[in-house]
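First the structure, in the form of structure tokens, and then the observations on it.
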Amino acid sequence: MLSRTADHLFWMSRYTERAENTARMLDVNYQTALLPQSAEAAQVGWQGLLTISELLPSYSALHGSITAREVMEFMVKDEDNPSSIVSCLKAARENARAVRGTLTTEAWETQNQTWIEVNRMLRAGEFERDPGQFFEWVKFRSHLSRGVTVGTMLMDEALHFMRIGTFLERADNTARLVDTKFHAIQNDFYGAASERDQEFDFYHWSAILRSVSGFEIYRRVYRDVIRPERVAELLILRADMPRSLHSSLNEVVTNLSYVVNDAASASQRKAGKLRADLQFGQIDEILATGLHAFLTQFLDRVNELGAHISREFLLPATA
């Protein structure tokens, strides 16, 4: 496969996954904002969302003060924001168009129809009328794209590069979500909390779990009250949790193994070492040494892995 083709497929999937992740975080923040809370607490929530995406400086330069309406406009409709939902869906569609001949008709039409429909919905004001329903639509279109891809594409290198892009993006986003949310309330691990604090904690941790479709999974796995260390374990170490770091790295390693030709592949070696740390890690050890430090290092290693994949497979070889 041409590296240029692999590059387009890889980034088409990454942008589709990024749009879904953004919709998930916005939806949870929007739903949480409807609960009784102080203005300061609400602002911290929206600021945290911008921090996760590393967009706080660019947002502040453009809008100054943080408000729910302006953050959602910035994260959904602003075409100058490369991480906004509309920018991600446009980039996914443009990458799909560049390799139209490699995709099945169903896979291409799913990407193209998503782009056409999101523009119609934004022009009609459907996002402003019901943000929650709009976010659900974005998530559904991402699910549909993955399902159509797996259900219609030949299981060859094209599909494997798309899967690598999807799960590398997912690992990055889940790590950012866990790091930001836990870092914001790191003192919750210590000391006794008041009844009101405990009630707030329940909604806070529930929101984090719902943002990764993990609330029902948590109840099934642990059958207990929501505890921060178990939320961290679920989202980091559980291989059977679809959006966990461990599950995402399993998919990256598996799909890399199908496309590598060199037994000494740096990408495969780095992915395997990163997966091994998650496979044999224990949450008590991670918390004892520092969750923030662990996740910061994980994000650095994921970015390094992405760079190696680009150099090894995606970028055209120079003469």
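Naming scheme: A, B, ... for chains in displayed order of the structure tokens; residues 1 onward per chain; ligands 1 onward as shown.
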With range 10-18 of chain A as the partner and 12 Å as the cut-off, tabulate the residues of range 244-306 of chain A that qualify, each row holding the nearest pair of atoms and their distance in Å to one decimal, using only C-alpha atoms, sorted by chain and rising number, as CSV.
```
residue,atom,partner,partner_atom,distance
A:Val252,CA,A:Phe10,CA,11.9
A:Asn255,CA,A:Phe10,CA,11.9
A:Gly306,CA,A:Phe10,CA,10.5
```
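Considering only C-alpha atoms, the residue among A:Glu136, A:Glu20, A:Glu79, A:Asp7 positioned nearest to Glu169 in chain A is A:Glu20.
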Nearest to Thr166 in chain A, chosen from A:His143, A:Lys90, A:His63, A:Lys77, with only C-alpha atoms counted in the distances =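 That would be A:His143, the residue with the smallest distance to Thr166 in chain A.
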Kindly indicate which residue among A:Ile217, A:Ile164, A:Leu62, A:Ala158 lies nearest to Gln268 in chain A, using only C-alpha atoms for the distances.
->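 Counting only C-alpha atoms, the residue closest to Gln268 in chain A is A:Ile164.
From CA of Thr67 in chain A back to CA of Gln43 in chain A, the distance works out to 6.9 Å.
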For each of A:Met121, A:Leu249, A:Val76, A:Ala276, take the minimum atom-to-atom distance to Gly165 in chain A, counting only C-alpha atoms, then give the residue where this is smallest.
->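 Under the stated criterion, the closest residue is A:Leu249.
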